[in-house]
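With compact mmCIF, C-alpha atoms and all ligand atoms inside, this is protein-v6.txt:
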# COMPACT_ATOMS: atom_id res chain seq x y z
CA MET A 1 0.00 0.00 0.00
CA LYS A 2 1.13 3.57 -0.72
CA ILE A 3 0.99 5.76 2.38
CA LEU A 4 1.30 9.54 2.58
CA VAL A 5 2.16 11.25 5.88
CA ILE A 6 1.55 14.99 6.12
CA GLY A 7 3.91 17.15 8.13
CA GLY A 8 7.62 17.49 8.68
CA GLY A 9 8.38 17.42 12.40
CA GLY A 10 9.55 14.92 14.97
CA ARG A 11 6.01 13.58 15.32
CA GLU A 12 5.90 12.79 11.61
CA HIS A 13 9.32 11.15 11.70
CA ALA A 14 8.08 8.89 14.51
CA LEU A 15 4.89 8.10 12.55
CA VAL A 16 6.84 7.32 9.37
CA TRP A 17 9.32 5.19 11.39
CA LYS A 18 6.44 3.18 12.83
CA LEU A 19 4.42 2.92 9.60
CA ALA A 20 7.54 1.76 7.73
CA ARG A 21 7.59 -1.32 9.99
CA SER A 22 4.22 -2.45 8.73
CA PRO A 23 4.34 -5.26 6.16
CA LYS A 24 1.46 -3.46 4.44
CA ALA A 25 3.57 -0.36 3.73
CA GLU A 26 5.10 -0.73 0.28
CA LYS A 27 5.99 2.90 -0.21
CA ILE A 28 5.77 5.90 2.09
CA PHE A 29 5.68 9.53 1.00
CA CYS A 30 5.90 12.50 3.35
CA ALA A 31 4.88 16.09 2.60
CA PRO A 32 7.09 17.97 3.22
CA GLY A 33 9.10 15.66 5.53
CA ASN A 34 12.63 16.45 6.69
CA ALA A 35 16.15 15.12 6.26
CA GLY A 36 15.64 12.27 8.75
CA ILE A 37 12.32 11.23 7.25
CA ALA A 38 14.01 11.15 3.84
CA LYS A 39 15.84 7.98 4.92
CA LEU A 40 12.53 6.11 5.22
CA ALA A 41 10.15 7.90 2.88
CA GLU A 42 10.13 9.91 -0.30
CA CYS A 43 9.77 13.55 0.72
CA VAL A 44 7.46 15.64 -1.44
CA PRO A 45 8.04 19.39 -1.54
CA VAL A 46 4.48 20.41 -0.65
CA ARG A 47 3.73 22.34 2.54
CA ALA A 48 1.44 20.69 5.10
CA GLU A 49 -0.91 23.70 4.86
CA ASP A 50 -1.25 23.40 1.08
CA VAL A 51 -4.35 21.22 1.09
CA GLU A 52 -4.93 21.59 -2.65
CA GLY A 53 -1.34 20.68 -3.47
CA ILE A 54 -1.47 17.61 -1.22
CA LEU A 55 -4.77 16.46 -2.70
CA ALA A 56 -3.40 16.81 -6.24
CA PHE A 57 -0.35 14.76 -5.25
CA ALA A 58 -2.43 12.04 -3.58
CA LYS A 59 -4.65 11.73 -6.66
CA LYS A 60 -1.69 11.62 -9.03
CA GLU A 61 0.05 8.89 -7.00
CA SER A 62 -3.17 7.01 -6.14
CA ILE A 63 -2.26 7.08 -2.44
CA ASP A 64 -4.07 4.32 -0.52
CA LEU A 65 -3.88 5.88 2.93
CA THR A 66 -3.06 9.41 4.15
CA VAL A 67 -2.14 10.17 7.75
CA VAL A 68 -2.24 13.81 8.86
CA GLY A 69 0.22 15.08 11.47
CA PRO A 70 -0.50 18.78 12.15
CA GLU A 71 -3.76 20.51 13.01
CA VAL A 72 -3.81 23.22 10.34
CA PRO A 73 -4.70 21.00 7.34
CA LEU A 74 -7.30 19.21 9.52
CA ALA A 75 -8.91 22.52 10.51
CA LYS A 76 -8.91 23.49 6.82
CA GLY A 77 -10.97 20.39 6.02
CA ILE A 78 -8.38 18.20 4.29
CA VAL A 79 -10.27 15.09 5.41
CA ASP A 80 -13.49 16.33 3.79
CA ASP A 81 -11.65 17.12 0.55
CA PHE A 82 -9.98 13.70 0.42
CA LYS A 83 -13.23 11.87 1.18
CA ARG A 84 -15.03 13.79 -1.56
CA SER A 85 -12.34 12.59 -3.95
CA GLY A 86 -12.75 8.99 -2.77
CA LEU A 87 -9.32 8.90 -1.07
CA ARG A 88 -8.78 7.17 2.27
CA ILE A 89 -7.49 9.50 4.99
CA PHE A 90 -7.14 9.25 8.76
CA GLY A 91 -8.23 12.27 10.76
CA PRO A 92 -11.28 14.29 11.82
CA THR A 93 -13.38 16.31 9.38
CA GLY A 94 -13.21 20.10 9.56
CA GLU A 95 -16.42 20.11 11.61
CA ALA A 96 -14.87 17.73 14.15
CA ALA A 97 -11.42 19.37 14.17
CA VAL A 98 -13.10 22.45 15.62
CA ILE A 99 -12.60 20.84 19.03
CA GLU A 100 -8.98 22.02 18.70
CA GLY A 101 -9.55 24.88 16.28
CA SER A 102 -11.83 26.86 18.60
CA LYS A 103 -11.22 27.06 22.32
CA VAL A 104 -14.62 28.74 22.67
CA PHE A 105 -16.26 25.73 21.02
CA ALA A 106 -14.28 23.34 23.23
CA LYS A 107 -15.27 25.16 26.43
CA GLU A 108 -18.94 25.38 25.48
CA PHE A 109 -18.91 21.74 24.40
CA CYS A 110 -17.53 20.73 27.82
CA MET A 111 -20.32 22.71 29.50
CA ARG A 112 -22.99 21.11 27.32
CA HIS A 113 -21.76 17.60 28.08
CA GLY A 114 -20.69 17.95 31.72
CA ILE A 115 -17.01 17.33 30.94
CA PRO A 116 -14.72 18.52 33.77
CA THR A 117 -12.68 21.60 32.85
CA ALA A 118 -11.61 24.94 34.33
CA SER A 119 -14.41 27.48 34.72
CA SER A 120 -14.24 30.20 32.07
CA GLU A 121 -15.93 33.06 30.25
CA THR A 122 -15.74 34.03 26.58
CA PHE A 123 -15.37 37.62 25.35
CA THR A 124 -15.47 39.39 22.01
CA ASP A 125 -15.31 42.85 23.58
CA ILE A 126 -12.08 43.88 25.26
CA LYS A 127 -13.79 46.32 27.63
CA GLU A 128 -16.02 43.58 29.00
CA ALA A 129 -13.01 41.27 29.25
CA ARG A 130 -11.08 43.90 31.23
CA SER A 131 -13.88 44.52 33.70
CA TYR A 132 -14.31 40.76 34.21
CA LEU A 133 -10.60 40.54 35.10
CA LEU A 134 -11.07 43.01 37.96
CA LYS A 135 -13.53 40.63 39.61
CA HIS A 136 -11.61 37.42 38.86
CA PRO A 137 -9.10 35.89 41.31
CA MET A 138 -5.50 35.70 40.07
CA PRO A 139 -3.64 33.96 38.49
CA VAL A 140 -5.79 33.64 35.41
CA VAL A 141 -5.29 32.14 31.96
CA VAL A 142 -6.06 34.14 28.81
CA LYS A 143 -6.51 32.12 25.62
CA ALA A 144 -6.97 33.20 22.02
CA ASP A 145 -9.93 31.33 20.54
CA GLY A 146 -8.34 30.05 17.35
CA LEU A 147 -5.21 28.17 16.30
CA ALA A 148 -2.02 29.96 17.33
CA ALA A 149 0.66 27.27 17.03
CA GLY A 150 0.55 26.68 20.79
CA LYS A 151 1.38 30.31 21.55
CA GLY A 152 -2.09 31.77 22.13
CA VAL A 153 -2.26 30.83 25.83
CA VAL A 154 -0.95 33.27 28.44
CA ILE A 155 -0.77 32.51 32.15
CA CYS A 156 -1.12 35.80 33.99
CA LYS A 157 -0.20 36.31 37.64
CA ASP A 158 -1.99 39.69 37.97
CA VAL A 159 -4.40 42.06 36.26
CA THR A 160 -1.57 44.01 34.57
CA GLU A 161 -0.27 40.88 32.85
CA ALA A 162 -3.77 39.76 31.93
CA SER A 163 -4.63 43.18 30.43
CA ALA A 164 -1.41 43.07 28.42
CA ALA A 165 -2.34 39.61 27.14
CA LEU A 166 -5.81 40.85 26.11
CA GLU A 167 -4.21 43.80 24.31
CA GLU A 168 -1.76 41.54 22.47
CA ILE A 169 -4.41 39.01 21.44
CA MET A 170 -7.46 41.22 20.78
CA VAL A 171 -6.01 44.57 19.67
CA GLU A 172 -2.55 43.89 18.26
CA ARG A 173 -3.91 40.63 16.84
CA ALA A 174 -0.63 38.83 17.48
CA PHE A 175 -2.36 35.62 16.31
CA GLY A 176 -4.54 37.22 13.65
CA ASP A 177 -8.23 36.28 13.60
CA ALA A 178 -7.55 33.63 16.26
CA GLY A 179 -7.78 36.58 18.66
CA SER A 180 -11.22 37.89 17.70
CA LYS A 181 -12.55 36.01 20.73
CA VAL A 182 -10.80 35.17 23.99
CA VAL A 183 -11.43 32.71 26.76
CA ILE A 184 -10.53 33.84 30.28
CA GLU A 185 -10.07 30.78 32.40
CA GLU A 186 -9.49 29.82 36.00
CA PHE A 187 -5.88 28.77 36.68
CA LEU A 188 -5.66 25.08 37.58
CA HIS A 189 -3.00 23.63 39.84
CA GLY A 190 -1.74 20.07 39.54
CA GLU A 191 0.31 17.88 37.24
CA GLU A 192 -0.25 17.79 33.49
CA ALA A 193 -0.57 14.68 31.36
CA SER A 194 -1.39 13.97 27.74
CA PHE A 195 -4.18 11.49 27.17
CA ILE A 196 -4.13 10.49 23.52
CA ALA A 197 -6.67 8.11 22.01
CA ILE A 198 -7.84 6.91 18.62
CA SER A 199 -11.51 7.13 17.83
CA ASP A 200 -13.58 5.67 15.01
CA GLY A 201 -16.50 7.96 15.78
CA ARG A 202 -18.00 5.57 18.35
CA ASN A 203 -15.26 3.63 20.11
CA VAL A 204 -12.31 5.15 21.96
CA LEU A 205 -9.01 3.28 22.02
CA PRO A 206 -6.56 4.92 24.42
CA LEU A 207 -2.87 4.93 23.54
CA ALA A 208 -0.22 4.73 26.25
CA THR A 209 -0.23 7.79 28.50
CA SER A 210 2.49 10.40 28.29
CA GLN A 211 3.69 13.68 29.66
CA ASP A 212 5.12 16.66 27.80
CA HIS A 213 7.52 19.35 29.11
CA LYS A 214 6.21 22.63 27.72
CA ARG A 215 8.59 25.18 29.27
CA VAL A 216 11.95 25.80 27.64
CA PHE A 217 14.21 25.55 30.72
CA ASP A 218 14.82 23.02 33.48
CA ASP A 219 12.41 23.00 36.42
CA ASP A 220 9.62 24.29 34.16
CA LYS A 221 11.12 27.77 33.85
CA GLY A 222 10.99 30.16 30.91
CA PRO A 223 8.43 30.57 28.14
CA ASN A 224 6.22 27.84 26.69
CA THR A 225 7.45 25.94 23.64
CA GLY A 226 5.98 23.34 21.33
CA GLY A 227 7.35 20.77 23.83
CA MET A 228 10.93 20.11 25.00
CA GLY A 229 10.57 16.43 25.76
CA ALA A 230 8.16 13.71 26.74
CA TYR A 231 7.97 10.35 28.38
CA SER A 232 5.56 7.46 28.35
CA PRO A 233 3.88 6.16 30.42
CA ALA A 234 2.89 9.00 32.78
CA PRO A 235 2.73 7.59 36.33
CA VAL A 236 0.38 10.43 37.37
CA VAL A 237 -2.29 8.67 35.29
CA THR A 238 -2.90 5.85 37.74
CA PRO A 239 -5.31 3.07 36.73
CA GLU A 240 -8.06 4.89 38.69
CA VAL A 241 -7.37 8.20 36.95
CA HIS A 242 -7.27 6.37 33.61
CA ASP A 243 -10.66 4.85 34.28
CA SER A 244 -12.25 8.15 35.23
CA VAL A 245 -10.70 9.96 32.25
CA MET A 246 -12.22 7.35 29.92
CA LYS A 247 -15.63 7.57 31.64
CA GLU A 248 -15.85 11.30 32.31
CA ILE A 249 -13.90 12.76 29.39
CA MET A 250 -12.98 10.60 26.39
CA THR A 251 -16.18 8.58 25.97
CA PRO A 252 -18.51 11.58 26.55
CA VAL A 253 -16.48 13.66 24.07
CA VAL A 254 -16.79 11.11 21.29
CA ARG A 255 -20.49 10.53 22.07
CA GLY A 256 -21.17 14.27 22.34
CA MET A 257 -19.41 15.06 19.07
CA ALA A 258 -21.46 12.38 17.29
CA GLU A 259 -24.69 13.74 18.83
CA GLU A 260 -23.81 17.20 17.58
CA GLY A 261 -23.26 15.96 14.02
CA ARG A 262 -19.49 16.25 14.30
CA GLU A 263 -18.55 12.57 14.42
CA PHE A 264 -14.92 12.38 15.48
CA THR A 265 -12.67 9.92 13.67
CA GLY A 266 -8.96 10.32 14.25
CA VAL A 267 -6.68 11.12 17.14
CA LEU A 268 -8.32 12.73 20.13
CA TYR A 269 -5.80 14.24 22.51
CA ALA A 270 -6.94 15.63 25.83
CA GLY A 271 -4.44 17.82 27.66
CA LEU A 272 -5.23 17.17 31.33
CA MET A 273 -4.48 18.79 34.66
CA ILE A 274 -4.56 16.19 37.42
CA LYS A 275 -4.87 16.99 41.10
CA ASP A 276 -5.80 14.67 43.95
CA GLY A 277 -6.68 11.94 41.47
CA ARG A 278 -9.14 14.12 39.51
CA ALA A 279 -8.51 15.17 35.91
CA LYS A 280 -9.77 18.33 34.23
CA VAL A 281 -9.42 19.21 30.56
CA LEU A 282 -7.00 22.03 29.65
CA GLU A 283 -7.42 21.64 25.93
CA PHE A 284 -8.28 19.22 23.19
CA ASN A 285 -6.16 18.49 20.16
CA CYS A 286 -7.42 16.65 17.11
CA ARG A 287 -4.07 15.03 16.24
CA PHE A 288 -1.06 13.23 17.66
CA GLY A 289 1.04 15.20 20.17
CA ASP A 290 4.54 16.37 19.41
CA PRO A 291 6.83 15.22 21.09
CA GLU A 292 4.57 12.68 22.88
CA THR A 293 4.23 10.63 19.68
CA GLN A 294 7.96 9.89 19.68
CA PRO A 295 8.02 7.83 22.92
CA ILE A 296 4.52 6.44 22.24
CA MET A 297 5.49 5.07 18.81
CA MET A 298 8.65 3.55 20.26
CA ARG A 299 6.51 1.61 22.73
CA LEU A 300 3.69 0.56 20.39
CA LYS A 301 4.08 -3.03 19.22
CA THR A 302 0.85 -3.32 17.23
CA ASP A 303 0.96 -2.51 13.52
CA LEU A 304 -0.11 1.15 13.23
CA VAL A 305 -1.55 0.59 9.74
CA ASP A 306 -3.93 -2.02 11.20
CA VAL A 307 -5.02 0.38 13.94
CA ILE A 308 -5.63 3.23 11.51
CA GLU A 309 -7.51 1.00 9.08
CA ALA A 310 -9.70 -0.25 11.93
CA ALA A 311 -10.47 3.35 12.91
CA ILE A 312 -11.42 4.32 9.36
CA GLY A 313 -13.49 1.12 9.04
CA LYS A 314 -15.24 1.75 12.41
CA ARG A 315 -13.92 -1.51 13.82
CA LEU A 316 -11.81 -0.18 16.67
CA ASN A 317 -13.67 -2.31 19.20
CA SER A 318 -11.91 -5.32 17.68
CA VAL A 319 -8.40 -3.92 18.23
CA ARG A 320 -6.21 -4.72 21.24
CA LEU A 321 -3.05 -2.68 21.43
CA GLU A 322 0.20 -4.27 22.53
CA TRP A 323 2.83 -2.18 24.26
CA ASP A 324 6.45 -2.53 25.15
CA ALA A 325 6.28 -2.43 28.96
CA ARG A 326 9.55 -0.48 29.04
CA PRO A 327 9.17 3.27 29.41
CA ALA A 328 10.45 5.62 26.71
CA VAL A 329 11.86 9.12 27.02
CA CYS A 330 12.28 11.75 24.30
CA VAL A 331 14.64 14.69 24.81
CA VAL A 332 14.15 17.53 22.34
CA MET A 333 17.32 19.27 21.18
CA ALA A 334 16.57 22.80 20.02
CA ALA A 335 18.38 25.53 18.09
CA GLY A 336 19.97 28.41 20.00
CA GLY A 337 17.35 31.09 20.66
CA TYR A 338 14.31 28.78 20.41
CA PRO A 339 11.42 29.43 21.22
CA GLY A 340 12.39 32.95 20.12
CA ASP A 341 14.31 33.70 16.92
CA TYR A 342 16.87 31.09 16.03
CA GLU A 343 19.45 30.47 13.36
CA LYS A 344 19.30 27.78 10.72
CA GLY A 345 22.08 26.00 8.88
CA SER A 346 24.39 24.84 11.73
CA VAL A 347 26.07 21.53 10.96
CA ILE A 348 24.92 18.72 13.29
CA LYS A 349 27.66 16.34 14.42
CA GLY A 350 27.44 12.91 16.02
CA LEU A 351 24.08 11.84 14.59
CA ALA A 352 25.28 8.58 13.09
CA GLN A 353 26.93 7.38 16.33
CA ALA A 354 23.85 8.27 18.39
CA ASP A 355 21.56 6.52 15.92
CA GLU A 356 23.50 3.27 16.31
CA LEU A 357 22.92 3.01 20.06
CA PRO A 358 20.61 0.16 21.06
CA ASP A 359 17.03 1.02 22.09
CA THR A 360 17.49 4.53 20.68
CA ALA A 361 15.92 6.44 17.82
CA VAL A 362 16.93 9.95 16.84
CA PHE A 363 13.83 11.53 15.32
CA HIS A 364 14.44 14.59 13.19
CA ALA A 365 12.25 17.67 13.42
CA GLY A 366 13.91 20.78 11.96
CA THR A 367 16.74 19.33 9.90
CA ALA A 368 17.86 19.57 6.28
CA ALA A 369 20.56 17.85 4.25
CA LYS A 370 23.29 20.04 2.80
CA ASP A 371 26.50 18.95 1.07
CA GLY A 372 26.28 15.47 2.55
CA GLU A 373 25.74 16.72 6.10
CA TYR A 374 22.73 17.35 8.30
CA VAL A 375 22.10 20.97 9.23
CA THR A 376 19.59 22.64 11.56
CA ASN A 377 16.49 23.92 9.82
CA GLY A 378 13.97 24.69 12.58
CA GLY A 379 13.52 25.56 16.26
CA ARG A 380 13.06 22.04 17.56
CA VAL A 381 15.76 20.13 15.71
CA LEU A 382 15.82 16.56 17.06
CA GLY A 383 13.80 14.33 19.38
CA VAL A 384 16.31 11.90 20.85
CA THR A 385 14.24 8.97 22.10
CA ALA A 386 15.20 5.86 24.03
CA THR A 387 13.63 3.04 25.98
CA GLY A 388 15.02 1.44 29.12
CA SER A 389 14.10 -1.28 31.59
CA GLY A 390 12.82 1.44 33.92
CA ILE A 391 12.30 5.17 33.64
CA SER A 392 15.75 5.97 35.01
CA GLU A 393 17.45 3.70 32.46
CA ALA A 394 15.34 5.23 29.67
CA ILE A 395 16.41 8.71 30.82
CA ASN A 396 20.07 7.66 30.93
CA ASN A 397 19.87 6.06 27.50
CA ALA A 398 18.28 9.14 25.97
CA TYR A 399 20.83 11.51 27.52
CA SER A 400 23.75 9.25 26.48
CA ALA A 401 22.62 9.69 22.90
CA VAL A 402 22.07 13.44 23.40
CA SER A 403 25.63 13.81 24.72
CA MET A 404 27.01 12.51 21.41
CA ILE A 405 25.21 15.10 19.31
CA THR A 406 26.45 18.68 18.98
CA TRP A 407 26.01 21.83 16.94
CA GLU A 408 26.60 25.45 17.66
CA GLY A 409 23.99 26.86 20.03
CA ALA A 410 22.19 23.54 20.67
CA HIS A 411 20.21 23.47 23.91
CA TYR A 412 17.95 21.03 25.68
CA ARG A 413 16.45 20.40 29.09
CA HIS A 414 18.39 18.24 31.51
CA ASP A 415 15.41 17.11 33.57
CA ILE A 416 13.16 15.31 31.10
CA GLY A 417 11.47 12.43 32.90
CA ARG A 418 12.56 13.53 36.36
CA ARG A 419 8.97 13.92 37.50
CA ALA A 420 8.20 10.32 36.55
CA LEU A 421 11.14 9.23 38.71
CA LYS A 422 9.53 10.93 41.68
CA THR A 423 6.03 9.59 41.17
CA GLY A 424 6.77 6.35 39.34
P1 LIG B 1 -3.42 24.82 26.10
O1 LIG B 1 -2.92 25.09 24.72
O2 LIG B 1 -4.79 25.32 26.36
O3 LIG B 1 -3.17 23.42 26.59
O4 LIG B 1 -2.42 25.62 27.05
C1 LIG B 1 -1.02 25.47 26.95
C2 LIG B 1 -0.45 25.26 28.33
O5 LIG B 1 -0.87 26.32 29.20
C3 LIG B 1 -0.94 23.99 29.01
O6 LIG B 1 -0.20 22.89 28.62
C4 LIG B 1 -0.75 24.34 30.46
O7 LIG B 1 0.60 24.20 30.83
C5 LIG B 1 -1.10 25.80 30.49
N1 LIG B 1 -2.52 26.01 30.84
C6 LIG B 1 -3.56 26.13 29.99
N2 LIG B 1 -4.71 26.30 30.64
C7 LIG B 1 -4.41 26.30 31.95
C8 LIG B 1 -5.17 26.44 33.16
N3 LIG B 1 -6.50 26.64 33.13
N4 LIG B 1 -4.52 26.36 34.33
C9 LIG B 1 -3.18 26.17 34.37
N5 LIG B 1 -2.40 26.05 33.29
C10 LIG B 1 -2.99 26.11 32.08
N1 LIG B 2 2.96 18.45 22.93
C1 LIG B 2 1.88 19.34 22.82
C2 LIG B 2 1.14 19.26 21.57
O1 LIG B 2 1.38 18.43 20.72
O2 LIG B 2 0.23 20.05 21.41

Spell out the structure here as structure tokens.
Ligand code: AMP
Ligand code: GLY
Amino acid sequence: MKILVIGGGGREHALVWKLARSPKAEKIFCAPGNAGIAKLAECVPVRAEDVEGILAFAKKESIDLTVVGPEVPLAKGIVDDFKRSGLRIFGPTGEAAVIEGSKVFAKEFCMRHGIPTASSETFTDIKEARSYLLKHPMPVVVKADGLAAGKGVVICKDVTEASAALEEIMVERAFGDAGSKVVIEEFLHGEEASFIAISDGRNVLPLATSQDHKRVFDDDKGPNTGGMGAYSPAPVVTPEVHDSVMKEIMTPVVRGMAEEGREFTGVLYAGLMIKDGRAKVLEFNCRFGDPETQPIMMRLKTDLVDVIEAAIGKRLNSVRLEWDARPAVCVVMAAGGYPGDYEKGSVIKGLAQADELPDTAVFHAGTAAKDGEYVTNGGRVLGVTATGSGISEAINNAYSAVSMITWEGAHYRHDIGRRALKTG
């Protein structure tokens, strides 16, 4: 079968790496891919946002199965376009992807279906938003309604910070139209976890749990990023928490979406805040997490093509997933300056040696090939991922590989997985 993966980050490298292990995969394409993906798939120079370009390519190549990585093409309705053309694709329709695409929709949906989440109010008028702030206890979280590449969420410790966030989102339109509405939300304390599941519109099949590290520096300091590392499983999701998340969040979401005519097929990712054994929803995503997918794919034993085909065929209830019991840890290596401005084009050394280590996979995110070498080509450059007999061995294995890789300005967190050591 010919498979097309859309996207070009570490998540897509992990997906391609896993799909390539399926006996059903005869040929894999990736649009646009990256230099690491190019070892396993044919990279196609079409941007992930260029839905028309991707559709034309899939028709020309008679692609049998398309797997979408990022949210933007999903929100643009790529799944609807492919289905109309009779092409098989895995992901939610535009109507269903709105669960990630609009935070206002997601909050109101949670209210309608009794799904636990932080209390919040929505505003289109900045004056009303400002006067609400004066009555609201601090800290508070201000969120742009629409897609903002993970940057439209500001945690504000006082009214001055919150007013500045409103100004940036609603007046300066730092995230464009995504800021025409804002959600002002109660700040939740606790420990975060990523709960990622596959849905066929009716059944929910949870993947292994995981935890991301959103802040750029050790000890969760500094600004938010796309994610600086992840591990799986997340010990904070105890079997009891897992059970309640399935009952109170995942199953009601899939049922509620179907009831509202937005049947959800694809990856449903709930970002959770867990405190005293109770989980509340911070956000929904309609796709695989990045970097959570890297450790999750390393642990998944079941053929991913089979799982995806079962989801598309509405047969997920017949699938049992098999997991490597060993934990996996992914350390993201980023370019100097990330998540702010960063340089591209630094030569990366030590990749081949790191790649040869047992139980290790170096997933590429922002890399390119130049004159026979790998060079940096993005903010998050690599996701160095390893398994181990326990979490501490997985951490050591990942950092051993990281220590072999260098380029000018490279930085990474030194404490990925430490929280799992404490709770696990
Ligand atoms: P979101 O994109 O909504 O998940 O927000 C990005 C990050 O902001 C989350 O991963 C949390 O770290 C943080 N965050 C979002 N909402 C809240 C909240 N209500 N309370 C505390 N932290 C939050
Ligand atoms: N790791 C966070 C995300 O994928 O949104």

Practice task
Mind giving me the straight-line distance from CA of Arg299 (chain A) to CA of Trp323 (chain A) in Å, one decimal?
Solution key: 5.5 Å

Please, which residues in chain A fall within 10 Å of ligand LIG 2 (chain B) when counting all atoms listed in the file, and what is the closest atom pair and distance in Å to one decimal for each, ordered by chain then residue number, as a Markdown table?
| residue | atom | partner | partner_atom | distance |
| --- | --- | --- | --- | --- |
| A:Arg11 | CA | B:LIG2 | O1 | 8.6 |
| A:Gly69 | CA | B:LIG2 | O1 | 9.9 |
| A:Pro70 | CA | B:LIG2 | O1 | 8.8 |
| A:Glu71 | CA | B:LIG2 | O2 | 9.3 |
| A:Glu100 | CA | B:LIG2 | O2 | 9.8 |
| A:Ala149 | CA | B:LIG2 | O2 | 8.5 |
| A:Gly150 | CA | B:LIG2 | O2 | 6.7 |
| A:Ala193 | CA | B:LIG2 | N1 | 9.9 |
| A:Ser194 | CA | B:LIG2 | N1 | 7.9 |
| A:Ser210 | CA | B:LIG2 | N1 | 9.7 |
| A:Gln211 | CA | B:LIG2 | N1 | 8.3 |
| A:Asp212 | CA | B:LIG2 | N1 | 5.6 |
| A:His213 | CA | B:LIG2 | N1 | 7.7 |
| A:Lys214 | CA | B:LIG2 | N1 | 7.1 |
| A:Thr225 | CA | B:LIG2 | C1 | 8.7 |
| A:Gly226 | CA | B:LIG2 | C1 | 5.9 |
| A:Gly227 | CA | B:LIG2 | N1 | 5.0 |
| A:Met228 | CA | B:LIG2 | N1 | 8.4 |
| A:Gly229 | CA | B:LIG2 | N1 | 8.4 |
| A:Ala230 | CA | B:LIG2 | N1 | 8.0 |
| A:Tyr269 | CA | B:LIG2 | O2 | 8.4 |
| A:Ala270 | CA | B:LIG2 | O2 | 9.5 |
| A:Gly271 | CA | B:LIG2 | C1 | 8.1 |
| A:Glu283 | CA | B:LIG2 | O2 | 9.0 |
| A:Phe284 | CA | B:LIG2 | O2 | 8.7 |
| A:Asn285 | CA | B:LIG2 | O2 | 6.7 |
| A:Cys286 | CA | B:LIG2 | O2 | 9.4 |
| A:Arg287 | CA | B:LIG2 | O1 | 7.8 |
| A:Phe288 | CA | B:LIG2 | O1 | 6.5 |
| A:Gly289 | CA | B:LIG2 | O1 | 3.3 |
| A:Asp290 | CA | B:LIG2 | O1 | 4.0 |
| A:Pro291 | CA | B:LIG2 | N1 | 5.4 |
| A:Glu292 | CA | B:LIG2 | N1 | 6.0 |
| A:Thr293 | CA | B:LIG2 | O1 | 8.4 |

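Residues near the point (27.5, 8.1, 18.8), at a distance of 9 Å or less over all atoms listed in the file, make up Gly350, Leu351, Ala352, Gln353, Ala354, Asp355, Glu356, Leu357, Ser400, Ala401, Val402, Ser403, Met404 and Ile405 of chain A.
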
Exercise for the section: Name the residues, by chain letter and number, that sit within 6 Å of ligand LIG 1 (chain B) using all atoms listed in the file, and give them as a list in words. Expected result: Ala118, Val141, Gly150, Val153, Glu185, Glu186, Phe187, Leu188, Gly271, Leu282 and Glu283 of chain A

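Nearest-residue note for Glu373 (chain A): choosing from A:Glu393, A:Val182, A:Lys349, A:Leu300, the minimum distance belongs to A:Lys349, counting all atoms listed in the file.
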
Take the point (-9.3, 16.5, 8.1) as written in the file and pick out every residue within 9 Å of it, counting all atoms listed in the file; give the list as an mmCIF file with C-alpha atoms, in the coordinates of the input.
data_model
loop_
_atom_site.group_PDB
_atom_site.id
_atom_site.type_symbol
_atom_site.label_atom_id
_atom_site.label_comp_id
_atom_site.auth_asym_id
_atom_site.auth_seq_id
_atom_site.Cartn_x
_atom_site.Cartn_y
_atom_site.Cartn_z
ATOM 1 C CA VAL A 68 -2.240 13.810 8.860
ATOM 2 C CA GLU A 71 -3.760 20.510 13.010
ATOM 3 C CA VAL A 72 -3.810 23.220 10.340
ATOM 4 C CA PRO A 73 -4.700 21.000 7.340
ATOM 5 C CA LEU A 74 -7.300 19.210 9.520
ATOM 6 C CA ALA A 75 -8.910 22.520 10.510
ATOM 7 C CA LYS A 76 -8.910 23.490 6.820
ATOM 8 C CA GLY A 77 -10.970 20.390 6.020
ATOM 9 C CA ILE A 78 -8.380 18.200 4.290
ATOM 10 C CA VAL A 79 -10.270 15.090 5.410
ATOM 11 C CA ASP A 80 -13.490 16.330 3.790
ATOM 12 C CA ASP A 81 -11.650 17.120 0.550
ATOM 13 C CA PHE A 82 -9.980 13.700 0.420
ATOM 14 C CA ILE A 89 -7.490 9.500 4.990
ATOM 15 C CA PHE A 90 -7.140 9.250 8.760
ATOM 16 C CA GLY A 91 -8.230 12.270 10.760
ATOM 17 C CA PRO A 92 -11.280 14.290 11.820
ATOM 18 C CA THR A 93 -13.380 16.310 9.380
ATOM 19 C CA GLY A 94 -13.210 20.100 9.560
ATOM 20 C CA GLU A 95 -16.420 20.110 11.610
ATOM 21 C CA ALA A 96 -14.870 17.730 14.150
ATOM 22 C CA ALA A 97 -11.420 19.370 14.170
ATOM 23 C CA GLY A 266 -8.960 10.320 14.250
#

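In this model, the gap between CA of Glu192 (chain A) and CA of Leu272 (chain A) comes to 5.5 Å.
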
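Rounded to one decimal, CA of Gly176 (chain A) and CA of Val51 (chain A) lie 20.3 Å from each other.
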
Exercise for the section: Find the spatial neighbours of Gly336 (chain A), counting only C-alpha atoms, within a cut-off of 7 Å - ignore same-chain residues fewer than 3 positions away - and output them as a count of residues only. Expected result: 5

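Among the candidates A:His364, A:Ala162, A:His136, A:His189, the residue lying nearest to Ala38 (chain A) is A:His364 (atoms considered: only C-alpha atoms).
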
Completion exercise
Residue with the minimum atom-to-atom distance to Gly8 (chain A), picked from A:Gly388, A:Gly261, A:Pro45, A:Pro23 with all atoms listed in the file counted, is A:Pro45

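Summary of the local environment: counting only C-alpha atoms, residues at most 12 Å from region 84-86 of chain A, other than itself and those fewer than 5 positions away along its chain, are Glu52, Leu55, Ala56, Ala58, Lys59, Lys60, Ser62, Ile63, Asp64, Leu65, Thr66, Gly77, Ile78, Val79 and Thr93 of chain A.
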